[in-house]
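Student: Supplied structure: data.pdb, PDB, C-alpha atoms.
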```pdb
MODEL        1
ATOM      1  CA  MET W1469     -19.663 -29.741 -35.614
ATOM      2  CA  GLU W1470     -16.053 -29.923 -34.442
ATOM      3  CA  GLU W1471     -15.355 -26.588 -36.128
ATOM      4  CA  ASN W1472     -18.275 -25.004 -34.262
ATOM      5  CA  ASN W1473     -16.952 -26.376 -30.962
ATOM      6  CA  ASN W1474     -13.528 -24.890 -31.697
ATOM      7  CA  LEU W1475     -15.089 -21.535 -32.513
ATOM      8  CA  THR W1476     -17.137 -21.668 -29.314
ATOM      9  CA  ALA W1477     -14.047 -22.480 -27.264
ATOM     10  CA  GLU W1478     -12.093 -19.675 -28.902
ATOM     11  CA  ARG W1479     -14.932 -17.222 -28.332
ATOM     12  CA  SER W1480     -15.203 -18.296 -24.692
ATOM     13  CA  LEU W1481     -11.484 -17.684 -24.239
ATOM     14  CA  GLU W1482     -11.853 -14.248 -25.817
ATOM     15  CA  ILE W1483     -14.719 -13.377 -23.477
ATOM     16  CA  ILE W1484     -12.719 -14.499 -20.425
ATOM     17  CA  THR W1485      -9.706 -12.478 -21.573
ATOM     18  CA  GLU W1486     -11.884  -9.418 -22.142
ATOM     19  CA  GLN W1487     -13.399  -9.752 -18.680
ATOM     20  CA  ILE W1488      -9.970 -10.018 -17.071
ATOM     21  CA  GLU W1489      -8.727  -6.926 -18.906
ATOM     22  CA  ARG W1490     -11.907  -5.018 -18.048
ATOM     23  CA  SER W1491     -11.453  -5.989 -14.410
ATOM     24  CA  ARG W1492      -7.827  -4.801 -14.448
ATOM     25  CA  ARG W1493      -8.794  -1.447 -15.956
ATOM     26  CA  SER W1494     -11.654  -0.956 -13.522
ATOM     27  CA  ILE W1495      -9.563  -1.839 -10.441
ATOM     28  CA  THR W1496      -6.699   0.368 -11.627
ATOM     29  CA  LYS W1497      -9.068   3.287 -12.169
ATOM     30  CA  ASN W1498     -10.757   2.737  -8.803
ATOM     31  CA  SER W1499      -7.389   2.686  -7.004
ATOM     32  CA  VAL W1500      -6.546   6.287  -7.907
ATOM     33  CA  TRP W1501      -8.169   8.088  -4.990
ATOM     34  CA  SER W1502      -7.160   5.397  -2.488
ATOM     35  CA  LEU W1503      -3.519   5.776  -3.499
ATOM     36  CA  ILE W1504      -3.616   9.568  -3.271
ATOM     37  CA  TRP W1505      -5.673   9.583  -0.044
ATOM     38  CA  TRP W1506      -3.485   7.160   1.915
ATOM     39  CA  GLY W1507      -0.254   8.544   0.496
ATOM     40  CA  SER W1508      -1.146  12.144   1.335
ATOM     41  CA  TRP W1509      -2.055  11.399   4.955
ATOM     42  CA  ILE W1510       1.040   9.251   5.495
ATOM     43  CA  ILE W1511       3.119  12.192   4.260
ATOM     44  CA  VAL W1512       1.291  14.662   6.518
ATOM     45  CA  PHE W1513       1.587  12.552   9.660
ATOM     46  CA  SER W1514       5.181  11.510   8.949
ATOM     47  CA  LEU W1515       6.236  15.149   8.698
ATOM     48  CA  LEU W1516       4.070  16.164  11.656
ATOM     49  CA  ILE W1517       5.441  13.496  14.007
ATOM     50  CA  ALA W1518       8.995  14.148  12.799
ATOM     51  CA  HIS W1519       8.493  17.819  13.691
ATOM     52  CA  LEU W1520       6.778  17.261  17.049
ATOM     53  CA  GLY W1521       9.039  14.442  18.201
ATOM     54  CA  GLN W1522       8.879  10.731  18.917
ATOM     55  CA  ALA W1523       6.613  11.312  21.917
ATOM     56  CA  TRP W1524       3.794  12.042  19.473
ATOM     57  CA  LYS W1525       4.054   8.690  17.686
ATOM     58  CA  ASP W1526       0.584   7.717  18.904
ATOM     59  CA  LEU W1527      -0.759  10.114  16.270
ATOM     60  CA  TRP W1528      -0.372   7.207  13.837
ATOM     61  CA  GLY W1529      -3.544   5.801  15.384
ATOM     62  CA  LEU W1530      -5.411   9.000  14.491
ATOM     63  CA  MET W1531      -4.092   8.756  10.945
ATOM     64  CA  LEU W1532      -5.429   5.220  10.592
ATOM     65  CA  VAL W1533      -8.882   6.368  11.724
ATOM     66  CA  ILE W1534      -8.886   9.285   9.261
ATOM     67  CA  CYS W1535      -7.699   7.087   6.393
ATOM     68  CA  ALA W1536     -10.193   4.321   7.196
ATOM     69  CA  VAL W1537     -13.133   6.759   7.266
ATOM     70  CA  GLY W1538     -11.977   8.373   4.044
ATOM     71  CA  GLN W1539     -11.502   4.973   2.403
ATOM     72  CA  TRP W1540     -15.087   4.096   3.308
ATOM     73  CA  PHE W1541     -16.366   7.149   1.438
ATOM     74  CA  ILE W1542     -14.013   6.470  -1.486
ATOM     75  CA  SER W1543     -15.277   2.874  -1.726
ATOM     76  CA  ARG W1544     -18.870   4.102  -1.931
ATOM     77  CA  ARG W1545     -18.009   6.313  -4.900
ATOM     78  CA  LYS W1546     -16.023   3.716  -6.826
ATOM     79  CA  GLU W1547     -17.046   2.601 -10.284
ATOM     80  CA  PRO W1548     -19.077  -0.619  -9.907
ATOM     81  CA  ALA W1549     -16.929  -3.653 -10.704
ATOM     82  CA  PRO W1550     -17.735  -7.355 -10.500
ATOM     83  CA  LYS W1551     -15.815  -9.421  -7.980
ATOM     84  CA  SER W1552     -12.858 -11.101  -9.615
ATOM     85  CA  PHE W1553      -9.749 -13.108  -8.847
ATOM     86  CA  ILE W1554      -7.647 -10.006  -9.542
ATOM     87  CA  GLY W1555      -9.517  -7.858  -7.038
ATOM     88  CA  LYS W1556      -9.488 -10.635  -4.463
ATOM     89  CA  THR W1557      -5.750 -11.188  -4.896
ATOM     90  CA  ILE W1558      -4.922  -7.504  -4.479
ATOM     91  CA  GLY W1559      -7.121  -7.335  -1.402
ATOM     92  CA  GLN W1560      -5.321 -10.327   0.092
ATOM     93  CA  VAL W1561      -1.900  -8.807  -0.614
ATOM     94  CA  TRP W1562      -2.673  -5.572   1.233
ATOM     95  CA  THR W1563      -4.565  -7.359   4.004
ATOM     96  CA  THR W1564      -1.488  -9.515   4.595
ATOM     97  CA  PHE W1565       0.717  -6.414   4.632
ATOM     98  CA  GLY W1566      -1.571  -4.700   7.145
ATOM     99  CA  LEU W1567      -1.850  -7.812   9.317
ATOM    100  CA  PHE W1568       1.887  -8.420   9.570
ATOM    101  CA  PHE W1569       3.066  -4.862  10.050
ATOM    102  CA  GLY W1570       0.079  -3.809  12.123
ATOM    103  CA  THR W1571       0.801  -6.674  14.510
ATOM    104  CA  ILE W1572       4.487  -5.755  14.642
ATOM    105  CA  GLY W1573       3.559  -2.152  15.432
ATOM    106  CA  VAL W1574       1.155  -3.147  18.212
ATOM    107  CA  ILE W1575       3.646  -5.535  19.822
ATOM    108  CA  LEU W1576       6.446  -2.963  19.706
ATOM    109  CA  GLY W1577       4.069  -0.351  21.086
ATOM    110  CA  PHE W1578       3.115  -2.616  23.986
ATOM    111  CA  GLY W1579       6.781  -3.245  24.623
ATOM    112  CA  GLY W1580       7.541   0.458  24.591
ATOM    113  CA  CYS W1581       4.784   1.412  27.052
ATOM    114  CA  GLY W1582       5.447  -1.500  29.399
ATOM    115  CA  VAL W1583       2.372  -3.642  28.693
ATOM    116  CA  LEU W1584       4.761  -6.332  27.488
ATOM    117  CA  PRO W1585       8.265  -6.815  28.948
ATOM    118  CA  ALA W1586      10.665  -4.899  26.701
ATOM    119  CA  GLU W1587      13.277  -7.647  26.999
ATOM    120  CA  LEU W1588      10.721 -10.127  25.676
ATOM    121  CA  VAL W1589       9.871  -8.012  22.630
ATOM    122  CA  LEU W1590      13.434  -7.003  21.744
ATOM    123  CA  PRO W1591      16.081  -8.882  23.772
ATOM    124  CA  ASP W1592      19.115  -6.640  24.254
ATOM    125  CA  GLY W1593      22.120  -7.773  22.311
ATOM    126  CA  HIS W1594      20.165 -10.298  20.259
ATOM    127  CA  ILE W1595      18.340  -8.214  17.716
ATOM    128  CA  CYS W1596      18.556  -4.842  16.063
ATOM    129  CA  LEU W1597      15.236  -3.817  14.525
ATOM    130  CA  ASN W1598      14.730  -0.848  12.225
ATOM    131  CA  ILE W1599      10.944  -0.862  11.917
ATOM    132  CA  THR W1600      10.808   1.995   9.388
ATOM    133  CA  SER W1601      13.132   0.124   7.028
ATOM    134  CA  ILE W1602      11.102  -3.064   7.379
ATOM    135  CA  ILE W1603       7.783  -1.272   6.801
ATOM    136  CA  SER W1604       9.215   0.481   3.722
ATOM    137  CA  LEU W1605      10.401  -2.836   2.298
ATOM    138  CA  GLY W1606       7.102  -4.595   3.029
ATOM    139  CA  PHE W1607       5.157  -1.725   1.522
ATOM    140  CA  GLY W1608       7.335  -1.787  -1.598
ATOM    141  CA  ILE W1609       6.795  -5.537  -2.003
ATOM    142  CA  ALA W1610       3.007  -5.179  -1.678
ATOM    143  CA  ALA W1611       2.902  -2.245  -4.103
ATOM    144  CA  THR W1612       5.097  -4.041  -6.644
ATOM    145  CA  ILE W1613       3.001  -7.218  -6.500
ATOM    146  CA  THR W1614      -0.106  -5.082  -7.028
ATOM    147  CA  GLY W1615       1.558  -3.528 -10.071
ATOM    148  CA  PHE W1616       2.332  -6.954 -11.538
ATOM    149  CA  VAL W1617      -1.205  -8.245 -10.912
ATOM    150  CA  LEU W1618      -2.685  -5.157 -12.589
ATOM    151  CA  GLU W1619       0.051  -5.195 -15.260
ATOM    152  CA  ASN W1620       0.736  -1.557 -14.433
ATOM    153  CA  ARG W1621       4.354  -0.629 -15.078
ATOM    154  CA  ILE W1622       4.161   2.646 -13.138
ATOM    155  CA  MET W1623       3.085   0.891  -9.934
ATOM    156  CA  GLN W1624       5.784  -1.743 -10.411
ATOM    157  CA  ILE W1625       8.589   0.793 -10.822
ATOM    158  CA  CYS W1626       7.385   3.093  -8.041
ATOM    159  CA  GLY W1627       6.921   0.125  -5.702
ATOM    160  CA  ILE W1628      10.461  -1.102  -6.299
ATOM    161  CA  ILE W1629      11.982   2.364  -5.859
ATOM    162  CA  ALA W1630       9.946   3.100  -2.729
ATOM    163  CA  GLY W1631      10.600  -0.301  -1.130
ATOM    164  CA  LEU W1632      14.311  -0.705  -1.759
ATOM    165  CA  GLY W1633      15.059   3.019  -1.592
ATOM    166  CA  GLY W1634      13.206   3.383   1.694
ATOM    167  CA  PHE W1635      14.772   0.264   3.191
ATOM    168  CA  PHE W1636      18.367   1.355   2.641
ATOM    169  CA  THR W1637      17.897   5.111   3.064
ATOM    170  CA  THR W1638      16.203   4.939   6.478
ATOM    171  CA  MET W1639      19.208   3.113   7.892
ATOM    172  CA  GLN W1640      21.301   6.208   7.222
ATOM    173  CA  TYR W1641      19.304   8.383   9.642
ATOM    174  CA  PRO W1642      18.403   8.411  13.353
ATOM    175  CA  GLN W1643      14.954   7.160  14.287
ATOM    176  CA  ILE W1644      12.957  10.399  14.219
ATOM    177  CA  ASP W1645      14.529  11.591  10.962
ATOM    178  CA  GLN W1646      13.528   8.321   9.317
ATOM    179  CA  LEU W1647       9.989   9.696   9.148
ATOM    180  CA  TYR W1648      11.117  12.113   6.453
ATOM    181  CA  VAL W1649      12.139   9.080   4.424
ATOM    182  CA  MET W1650       8.763   7.486   5.155
ATOM    183  CA  ALA W1651       7.091  10.585   3.713
ATOM    184  CA  ALA W1652       9.196  10.205   0.573
ATOM    185  CA  VAL W1653       8.325   6.505   0.362
ATOM    186  CA  ALA W1654       4.604   7.332   0.511
ATOM    187  CA  PHE W1655       5.009  10.017  -2.139
ATOM    188  CA  VAL W1656       6.881   7.758  -4.551
ATOM    189  CA  GLY W1657       4.933   4.561  -3.841
ATOM    190  CA  LEU W1658       1.399   5.936  -3.532
ATOM    191  CA  VAL W1659       0.906   9.556  -4.603
ATOM    192  CA  ILE W1660       2.930   9.487  -7.819
ATOM    193  CA  PRO W1661       1.267   6.295  -9.183
ATOM    194  CA  GLY W1662      -2.134   7.696  -8.179
ATOM    195  CA  LEU W1663      -1.542  10.992  -9.982
ATOM    196  CA  ILE W1664      -0.142   9.312 -13.096
ATOM    197  CA  ILE W1665      -3.063   6.860 -13.315
ATOM    198  CA  LYS W1666      -5.456   9.780 -12.764
ATOM    199  CA  ILE W1667      -3.926  11.627 -15.715
ATOM    200  CA  GLN W1668      -3.866   8.501 -17.882
ATOM    201  CA  THR W1669      -7.506   7.645 -17.201
ATOM    202  CA  GLY W1670      -8.741  11.222 -17.283
ATOM    203  CA  ILE W1671     -10.448  10.966 -13.881
ATOM    204  CA  LYS W1672     -11.950  14.260 -12.748
ATOM    205  CA  VAL W1673     -13.003  15.456  -9.319
ATOM    206  CA  ASP W1674     -16.778  15.175  -9.004
TER
ENDMDL
END
```
What would the structure in this file look like if it were written as structure tokens?
Tutor:
Amino acid sequence: MEENNNLTAERSLEIITEQIERSRRSITKNSVWSLIWWGSWIIVFSLLIAHLGQAWKDLWGLMLVICAVGQWFISRRKEPAPKSFIGKTIGQVWTTFGLFFGTIGVILGFGGCGVLPAELVLPDGHICLNITSIISLGFGIAATITGFVLENRIMQICGIIAGLGGFFTTMQYPQIDQLYVMAAVAFVGLVIPGLIIKIQTGIKVD
């Protein structure tokens, strides 16, 4: 009887482990088009705004709309996967990233257009803020955590390179030229992992 209980416990552990691994594979496979989609549009708009000038920075709002609509269609075509702790954790990581840096962007935007007093947002002489460096670092942290949760070495490496590389490199350039670095960060942190996972999993365009 005790031996049967041990076997049952061992089998239960095996089933749980198999489910976790199946969830990781499914989420990794489903992330391919999201990575490529978001990465490609970030590259396009970074280069476009860098070319047109800082006055066109509001185009980021258009990019978010395009990416959100595209993500909705991508989500509808994803391989069905049961809800899991892994998927929930990854969702929370990127939601936190979006919440923090989206809020920072809105507040800085309000300060820049006069809705909020500029001296309240960034007091002169008290703070020096390089938003592109901070976004690159935050993005790299979120991407690297995602790679560790999914146990995907490519995402881990690309996240580290994009985050740290983007953080230090952007500080070497004036504000508008930093967008070229942002394009590189998106390419390394999103497009490259997406393409590599696509090749590894053999995903084809429907």
Student: On this structure, the PyMOL selection byres ((chain W and resi 1647) around 9) would catch which residues? List them as a PyMOL selection string, sorted by chain and number.
Tutor: chain W and resi 1511+1513-1515+1517-1518+1600+1638+1643-1646+1648-1652
Student: I'd like the contact shell of Gly1538 (chain W) - 12 Å cut-off, only C-alpha atoms, skipping same-chain residues fewer than 2 positions apart - returned as a list of chain:residue names.
Tutor: W:Trp1501, W:Ser1502, W:Leu1503, W:Ile1504, W:Trp1505, W:Trp1506, W:Ser1508, W:Trp1509, W:Met1531, W:Leu1532, W:Val1533, W:Ile1534, W:Cys1535, W:Ala1536, W:Trp1540, W:Phe1541, W:Ile1542, W:Ser1543, W:Arg1544, W:Arg1545
Student: Just the number, please: distance in Å from CA of Ile1602 (chain W) to CA of Ile1575 (chain W), one decimal.
Tutor: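 Atom-to-atom, CA of Ile1602 (chain W) and CA of Ile1575 (chain W) are spaced 14.7 Å apart.
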Student: Pick out the closest residue to Ile1554 (chain W) from this set: W:Phe1616, W:Phe1636, W:Trp1524, W:Phe1655. Count all atoms listed in the file.
Tutor: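 Answer, going by the shortest atom-to-atom distance: W:Phe1616.
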Student: For Ile1599 (chain W), list every protein, DNA or RNA residue within 9 Å, evaluated using only C-alpha atoms, and leave out those in the same chain fewer than 4 positions away; present the list as a PDB file with C-alpha atoms, keeping the file's coordinate frame.
Tutor:
```
ATOM      1  CA  ILE W1572       4.487  -5.755  14.642  1.00  0.00           C
ATOM      2  CA  GLY W1573       3.559  -2.152  15.432  1.00  0.00           C
ATOM      3  CA  ILE W1603       7.783  -1.272   6.801  1.00  0.00           C
ATOM      4  CA  SER W1604       9.215   0.481   3.722  1.00  0.00           C
TER       5      SER W1604
END
```
Student: So, with only C-alpha atoms as the atoms that count, which of W:Gly1507, W:Gly1615, W:Pro1661, W:Gly1631 lies closest to Thr1557 (chain W)?
Tutor: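 Result for the nearest residue to Thr1557 (chain W): W:Gly1615.
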